[in-house]
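Visitor: upload.cif (mmCIF, C-alpha atoms, pLDDT in the B column; chains and numbers go by the auth columns) pasted underneath:
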data_model
loop_
_atom_site.group_PDB
_atom_site.id
_atom_site.type_symbol
_atom_site.label_atom_id
_atom_site.label_comp_id
_atom_site.label_asym_id
_atom_site.label_seq_id
_atom_site.Cartn_x
_atom_site.Cartn_y
_atom_site.Cartn_z
_atom_site.B_iso_or_equiv
_atom_site.auth_seq_id
_atom_site.auth_asym_id
ATOM 1 C CA LEU A 1 15.082 61.625 -54.578 84.00 202 A
ATOM 2 C CA LEU A 2 17.661 59.297 -52.999 87.00 203 A
ATOM 3 C CA GLN A 3 16.478 60.280 -49.530 90.00 204 A
ATOM 4 C CA GLN A 4 12.867 59.505 -50.458 87.00 205 A
ATOM 5 C CA THR A 5 13.889 56.146 -51.940 90.00 206 A
ATOM 6 C CA GLU A 6 15.761 55.224 -48.759 92.00 207 A
ATOM 7 C CA GLN A 7 12.765 56.238 -46.637 93.00 208 A
ATOM 8 C CA ILE A 8 10.470 53.994 -48.721 94.00 209 A
ATOM 9 C CA ARG A 9 12.905 51.070 -48.368 95.00 210 A
ATOM 10 C CA GLN A 10 13.085 51.542 -44.618 96.00 211 A
ATOM 11 C CA GLN A 11 9.312 51.834 -44.206 96.00 212 A
ATOM 12 C CA ARG A 12 8.738 48.829 -46.497 97.00 213 A
ATOM 13 C CA GLY A 13 10.980 46.690 -44.278 96.00 214 A
ATOM 14 C CA LEU A 14 9.175 47.856 -41.145 97.00 215 A
ATOM 15 C CA MET A 15 5.779 47.193 -42.733 97.00 216 A
ATOM 16 C CA ILE A 16 6.740 43.687 -43.870 97.00 217 A
ATOM 17 C CA GLU A 17 7.911 42.927 -40.346 97.00 218 A
ATOM 18 C CA ALA A 18 4.701 44.314 -38.796 97.00 219 A
ATOM 19 C CA LEU A 19 2.432 42.563 -41.310 97.00 220 A
ATOM 20 C CA SER A 20 4.204 39.268 -40.633 96.00 221 A
ATOM 21 C CA ALA A 21 2.758 39.336 -37.115 96.00 222 A
ATOM 22 C CA PHE A 22 -0.776 38.859 -38.514 96.00 223 A
ATOM 23 C CA LYS A 23 -1.473 35.118 -38.573 94.00 224 A
ATOM 24 C CA ASN A 24 -4.204 35.384 -41.213 94.00 225 A
ATOM 25 C CA LEU A 25 -2.065 37.121 -43.877 97.00 226 A
ATOM 26 C CA SER A 26 0.509 36.004 -46.409 97.00 227 A
ATOM 27 C CA ILE A 27 3.017 38.685 -47.367 97.00 228 A
ATOM 28 C CA TYR A 28 4.834 38.509 -50.687 96.00 229 A
ATOM 29 C CA PRO A 29 8.379 39.854 -51.129 92.00 230 A
ATOM 30 C CA SER A 30 8.636 43.292 -52.716 93.00 231 A
ATOM 31 C CA ALA A 31 11.299 45.625 -54.045 92.00 232 A
ATOM 32 C CA ALA A 32 8.683 48.237 -54.991 93.00 233 A
ATOM 33 C CA ASN A 33 6.826 50.964 -53.102 95.00 234 A
ATOM 34 C CA PHE A 34 3.992 48.561 -52.313 96.00 235 A
ATOM 35 C CA ILE A 35 3.422 45.198 -50.626 98.00 236 A
ATOM 36 C CA LEU A 36 1.087 42.473 -51.867 98.00 237 A
ATOM 37 C CA ILE A 37 -0.780 40.555 -49.169 98.00 238 A
ATOM 38 C CA ARG A 38 -3.264 37.672 -49.270 98.00 239 A
ATOM 39 C CA THR A 39 -5.936 37.299 -46.616 97.00 240 A
ATOM 40 C CA HIS A 40 -6.935 33.991 -45.022 95.00 241 A
ATOM 41 C CA GLU A 41 -10.081 33.220 -42.985 92.00 242 A
ATOM 42 C CA ILE A 42 -11.587 36.598 -43.933 94.00 243 A
ATOM 43 C CA SER A 43 -12.123 37.807 -47.491 96.00 244 A
ATOM 44 C CA ALA A 44 -10.002 40.573 -48.975 97.00 245 A
ATOM 45 C CA ASP A 45 -13.270 42.295 -49.923 97.00 246 A
ATOM 46 C CA ASP A 46 -14.335 42.420 -46.262 97.00 247 A
ATOM 47 C CA VAL A 47 -10.912 43.703 -45.180 97.00 248 A
ATOM 48 C CA PHE A 48 -10.976 46.330 -47.936 98.00 249 A
ATOM 49 C CA ILE A 49 -14.452 47.551 -46.892 97.00 250 A
ATOM 50 C CA SER A 50 -13.470 47.705 -43.224 97.00 251 A
ATOM 51 C CA LEU A 51 -10.321 49.687 -44.028 98.00 252 A
ATOM 52 C CA LYS A 52 -12.278 52.037 -46.281 98.00 253 A
ATOM 53 C CA ASN A 53 -14.876 52.609 -43.543 98.00 254 A
ATOM 54 C CA GLN A 54 -11.987 53.499 -41.210 97.00 255 A
ATOM 55 C CA GLY A 55 -10.647 56.044 -43.724 97.00 256 A
ATOM 56 C CA VAL A 56 -7.761 53.922 -45.040 97.00 257 A
ATOM 57 C CA LEU A 57 -7.615 53.317 -48.783 97.00 258 A
ATOM 58 C CA ILE A 58 -5.630 50.512 -50.391 97.00 259 A
ATOM 59 C CA LYS A 59 -5.998 48.607 -53.664 97.00 260 A
ATOM 60 C CA ASN A 60 -8.293 45.560 -53.724 98.00 261 A
ATOM 61 C CA LEU A 61 -6.998 43.136 -56.356 97.00 262 A
ATOM 62 C CA SER A 62 -9.438 40.341 -55.508 93.00 263 A
ATOM 63 C CA ALA A 63 -11.841 41.092 -58.361 90.00 264 A
ATOM 64 C CA GLN A 64 -9.111 40.177 -60.847 92.00 265 A
ATOM 65 C CA GLY A 65 -9.405 36.590 -59.603 85.00 266 A
ATOM 66 C CA GLY A 66 -6.966 33.837 -60.354 92.00 267 A
ATOM 67 C CA LEU A 67 -3.632 34.259 -58.615 93.00 268 A
ATOM 68 C CA LEU A 68 -4.774 37.592 -57.128 96.00 269 A
ATOM 69 C CA SER A 69 -7.845 36.151 -55.411 95.00 270 A
ATOM 70 C CA ASN A 70 -8.059 37.511 -51.844 96.00 271 A
ATOM 71 C CA CYS A 71 -5.116 39.866 -52.472 98.00 272 A
ATOM 72 C CA LEU A 72 -4.679 43.487 -51.467 98.00 273 A
ATOM 73 C CA ARG A 73 -1.938 45.937 -52.427 98.00 274 A
ATOM 74 C CA ILE A 74 -0.616 48.266 -49.748 98.00 275 A
ATOM 75 C CA THR A 75 1.328 51.330 -50.863 97.00 276 A
ATOM 76 C CA ILE A 76 4.164 52.321 -48.544 97.00 277 A
ATOM 77 C CA GLY A 77 3.562 55.723 -46.957 95.00 278 A
ATOM 78 C CA THR A 78 4.984 57.764 -44.141 95.00 279 A
ATOM 79 C CA ALA A 79 5.531 56.214 -40.727 96.00 280 A
ATOM 80 C CA ASP A 80 2.277 57.792 -39.477 97.00 281 A
ATOM 81 C CA GLU A 81 0.289 56.615 -42.515 97.00 282 A
ATOM 82 C CA ASN A 82 1.690 53.107 -42.174 97.00 283 A
ATOM 83 C CA GLN A 83 0.805 53.000 -38.475 98.00 284 A
ATOM 84 C CA SER A 84 -2.749 54.136 -39.270 97.00 285 A
ATOM 85 C CA LEU A 85 -3.017 51.289 -41.773 98.00 286 A
ATOM 86 C CA LEU A 86 -1.716 48.743 -39.256 98.00 287 A
ATOM 87 C CA ASN A 87 -4.195 49.975 -36.634 98.00 288 A
ATOM 88 C CA ALA A 88 -7.087 49.753 -39.095 98.00 289 A
ATOM 89 C CA LEU A 89 -5.924 46.361 -40.313 98.00 290 A
ATOM 90 C CA THR A 90 -5.956 45.040 -36.759 97.00 291 A
ATOM 91 C CA VAL A 91 -9.631 46.031 -36.524 97.00 292 A
ATOM 92 C CA ALA A 92 -10.430 44.648 -39.992 97.00 293 A
ATOM 93 C CA LEU A 93 -8.847 41.261 -39.313 95.00 294 A
ATOM 94 C CA ASN A 94 -10.420 40.899 -35.860 90.00 295 A
ATOM 95 C CA PRO A 95 -14.093 41.783 -36.373 78.00 296 A
ATOM 96 C CA SER A 96 -16.145 41.672 -33.192 70.00 297 A
#
Render the structure in this file as structure tokens.
Guide:
Amino acid sequence: LLQQTEQIRQQRGLMIEALSAFKNLSIYPSAANFILIRTHEISADDVFISLKNQGVLIKNLSAQGGLLSNCLRITIGTADENQSLLNALTVALNPS
């Protein structure tokens, strides 16, 4: 259990660093096994749909409105799962 917890902490730090490179996202601090992000210039609904179409599932919190408007929740996974999410997110945030 301790090894799994350490792996989640490590991957969370790497994901926060990688997500910070996206100019159209706000990343909120987290001590949990997920990261809350807010999208700018493109709706969270559109990002969610694009990710889903690419086979990546995350939680869309936008429908709750208020402070969670345009927010998505990303659960920390394995290094490979996290890289797949980052690849899909790059596509979702840069539609052609």
Visitor: Set the distance at 10 Å and use only C-alpha atoms: which residues neighbour stretch 219-234 of chain A once local chain neighbours fewer than 3 positions away are removed? I'd like the list as a list in words.
Guide: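 Everything that qualifies: Thr206, Ile209, Arg210, Gln212, Arg213, Gly214, Leu215, Met216, Leu237, Ile238, Arg239, Thr240, His241, Glu242, Ile243, Asn271, Cys272, Leu273, Ile275, Thr276, Ile277, Gly278, Asn283, Gln284, Leu287, Leu290, Thr291, Leu294 and Asn295 of chain A.
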Visitor: Name the closest residue to A:Phe235 among the candidates A:Gln265, A:Ser285, A:Arg274, A:Gln211; distances are taken between atoms, counting only C-alpha atoms.
Guide: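 Going through A:Gln265, A:Ser285, A:Arg274, A:Gln211 one by one, the smallest distance to A:Phe235 is for A:Arg274.
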Visitor: Got a sec: who's within 8 Å of A:Gln255, counting only C-alpha atoms, leaving out chain neighbours fewer than 3 positions off, as a VMD selection string?
Guide: chain A and resid 251 to 252 289
Visitor: In Å, with one decimal, what is the gap from atom CA of A:Ala293 to atom CA of A:Asn261?
Guide: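 Straight-line distance from atom CA of A:Ala293 to atom CA of A:Asn261 works out to 13.9 Å.
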Visitor: Calculate how many Å separate atom CA of A:Gly267 from atom CA of A:Ile250, rounding to one decimal.
Guide: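 Separation of atom CA of A:Gly267 and atom CA of A:Ile250: 20.6 Å.
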Visitor: So what do you get for atom CA of A:Val248 versus atom CA of A:Ala280, distance-wise?
Guide: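 Taking atom CA of A:Val248 and atom CA of A:Ala280, their separation equals 21.1 Å.
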Visitor: Could you work out an axis-aligned bounding box for all listed atoms of stretch 262-279 of chain A, with 6 Å added on each of the six sides, and give its centre and edge lengths in Å to one decimal, as AutoDock Vina command-line options?
Guide:
--center_x -3.4 --center_y 45.8 --center_z -52.5 --size_x 28.8 --size_y 35.9 --size_z 28.7
Visitor: Using all atoms listed in the file, which of A:Leu286, A:Ile236, A:Asn254, A:Ala245 sits nearest A:Gly266?
Guide: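 For A:Gly266, the nearest of the candidates is A:Ala245.
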Visitor: Of the candidates A:Asn288, A:Glu218, A:Ala264, A:Gln204, which shows the shortest atom-to-atom distance to A:Ser244, using only C-alpha atoms?
Guide: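 Under the stated criterion, the closest residue is A:Ala264.
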Visitor: From the list A:Gln205, A:Ser297, A:Thr279, A:Ser263, which residue is nearest A:Asp246 when using only C-alpha atoms?
Guide: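 That would be A:Ser263, the residue with the smallest distance to A:Asp246.
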Visitor: Write only N, CA and C atoms for stretch 246-277 of chain A from the block just shown, as a short mmCIF file (atom, residue, chain, number, x, y, z; two decimals), in the first residue's frame.
Guide:
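result-v9.cif, written as the output of this step:
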data_model
loop_
_atom_site.label_atom_id
_atom_site.label_comp_id
_atom_site.auth_asym_id
_atom_site.auth_seq_id
_atom_site.Cartn_x
_atom_site.Cartn_y
_atom_site.Cartn_z
N ASP A 246 -16.56 20.73 -21.83
CA ASP A 246 -17.41 19.73 -22.51
C ASP A 246 -16.75 19.26 -23.81
N ASP A 247 -16.21 20.21 -24.58
CA ASP A 247 -15.55 19.84 -25.84
C ASP A 247 -14.29 19.01 -25.59
N VAL A 248 -13.53 19.38 -24.57
CA VAL A 248 -12.32 18.61 -24.23
C VAL A 248 -12.72 17.20 -23.79
N PHE A 249 -13.74 17.11 -22.95
CA PHE A 249 -14.22 15.82 -22.46
C PHE A 249 -14.63 14.92 -23.63
N ILE A 250 -15.41 15.46 -24.57
CA ILE A 250 -15.87 14.68 -25.73
C ILE A 250 -14.70 14.23 -26.58
N SER A 251 -13.75 15.11 -26.82
CA SER A 251 -12.57 14.75 -27.61
C SER A 251 -11.79 13.63 -26.93
N LEU A 252 -11.57 13.75 -25.63
CA LEU A 252 -10.85 12.71 -24.90
C LEU A 252 -11.60 11.38 -24.97
N LYS A 253 -12.91 11.44 -24.77
CA LYS A 253 -13.73 10.23 -24.82
C LYS A 253 -13.65 9.57 -26.20
N ASN A 254 -13.70 10.38 -27.25
CA ASN A 254 -13.59 9.84 -28.62
C ASN A 254 -12.23 9.22 -28.88
N GLN A 255 -11.21 9.65 -28.11
CA GLN A 255 -9.87 9.09 -28.24
C GLN A 255 -9.64 7.91 -27.29
N GLY A 256 -10.70 7.52 -26.55
CA GLY A 256 -10.61 6.38 -25.65
C GLY A 256 -10.07 6.70 -24.26
N VAL A 257 -10.09 7.99 -23.89
CA VAL A 257 -9.60 8.40 -22.57
C VAL A 257 -10.79 8.95 -21.78
N LEU A 258 -11.05 8.35 -20.63
CA LEU A 258 -12.18 8.77 -19.81
C LEU A 258 -11.69 9.50 -18.57
N ILE A 259 -12.27 10.68 -18.34
CA ILE A 259 -12.04 11.46 -17.14
C ILE A 259 -13.40 11.94 -16.66
N LYS A 260 -13.44 12.68 -15.58
CA LYS A 260 -14.70 13.16 -15.01
C LYS A 260 -14.93 14.61 -15.44
N ASN A 261 -16.08 14.86 -16.06
CA ASN A 261 -16.48 16.21 -16.46
C ASN A 261 -17.33 16.81 -15.34
N LEU A 262 -16.82 17.83 -14.69
CA LEU A 262 -17.53 18.46 -13.58
C LEU A 262 -18.27 19.72 -14.00
N SER A 263 -18.19 20.07 -15.26
CA SER A 263 -18.76 21.32 -15.77
C SER A 263 -20.26 21.45 -15.53
N ALA A 264 -20.98 20.35 -15.65
CA ALA A 264 -22.44 20.40 -15.52
C ALA A 264 -22.88 20.85 -14.13
N GLN A 265 -21.99 20.73 -13.14
CA GLN A 265 -22.32 21.15 -11.79
C GLN A 265 -22.37 22.67 -11.67
N GLY A 266 -21.74 23.35 -12.66
CA GLY A 266 -21.79 24.81 -12.70
C GLY A 266 -21.07 25.47 -11.55
N GLY A 267 -21.33 26.73 -11.38
CA GLY A 267 -20.72 27.49 -10.31
C GLY A 267 -19.21 27.46 -10.37
N LEU A 268 -18.58 27.18 -9.26
CA LEU A 268 -17.13 27.16 -9.18
C LEU A 268 -16.49 26.06 -10.03
N LEU A 269 -17.28 25.05 -10.40
CA LEU A 269 -16.74 23.94 -11.19
C LEU A 269 -17.00 24.10 -12.69
N SER A 270 -17.50 25.24 -13.10
CA SER A 270 -17.74 25.50 -14.51
C SER A 270 -16.42 25.37 -15.28
N ASN A 271 -16.46 24.63 -16.38
CA ASN A 271 -15.30 24.36 -17.23
C ASN A 271 -14.19 23.59 -16.51
N CYS A 272 -14.57 22.76 -15.53
CA CYS A 272 -13.58 21.96 -14.81
C CYS A 272 -13.69 20.48 -15.15
N LEU A 273 -12.53 19.84 -15.15
CA LEU A 273 -12.41 18.40 -15.37
C LEU A 273 -11.57 17.82 -14.25
N ARG A 274 -11.85 16.56 -13.89
CA ARG A 274 -11.07 15.88 -12.87
C ARG A 274 -10.32 14.72 -13.50
N ILE A 275 -9.01 14.74 -13.34
CA ILE A 275 -8.15 13.72 -13.92
C ILE A 275 -7.65 12.82 -12.79
N THR A 276 -7.94 11.53 -12.87
CA THR A 276 -7.45 10.58 -11.90
C THR A 276 -6.04 10.17 -12.29
N ILE A 277 -5.15 10.12 -11.31
CA ILE A 277 -3.77 9.72 -11.56
C ILE A 277 -3.73 8.22 -11.82
#
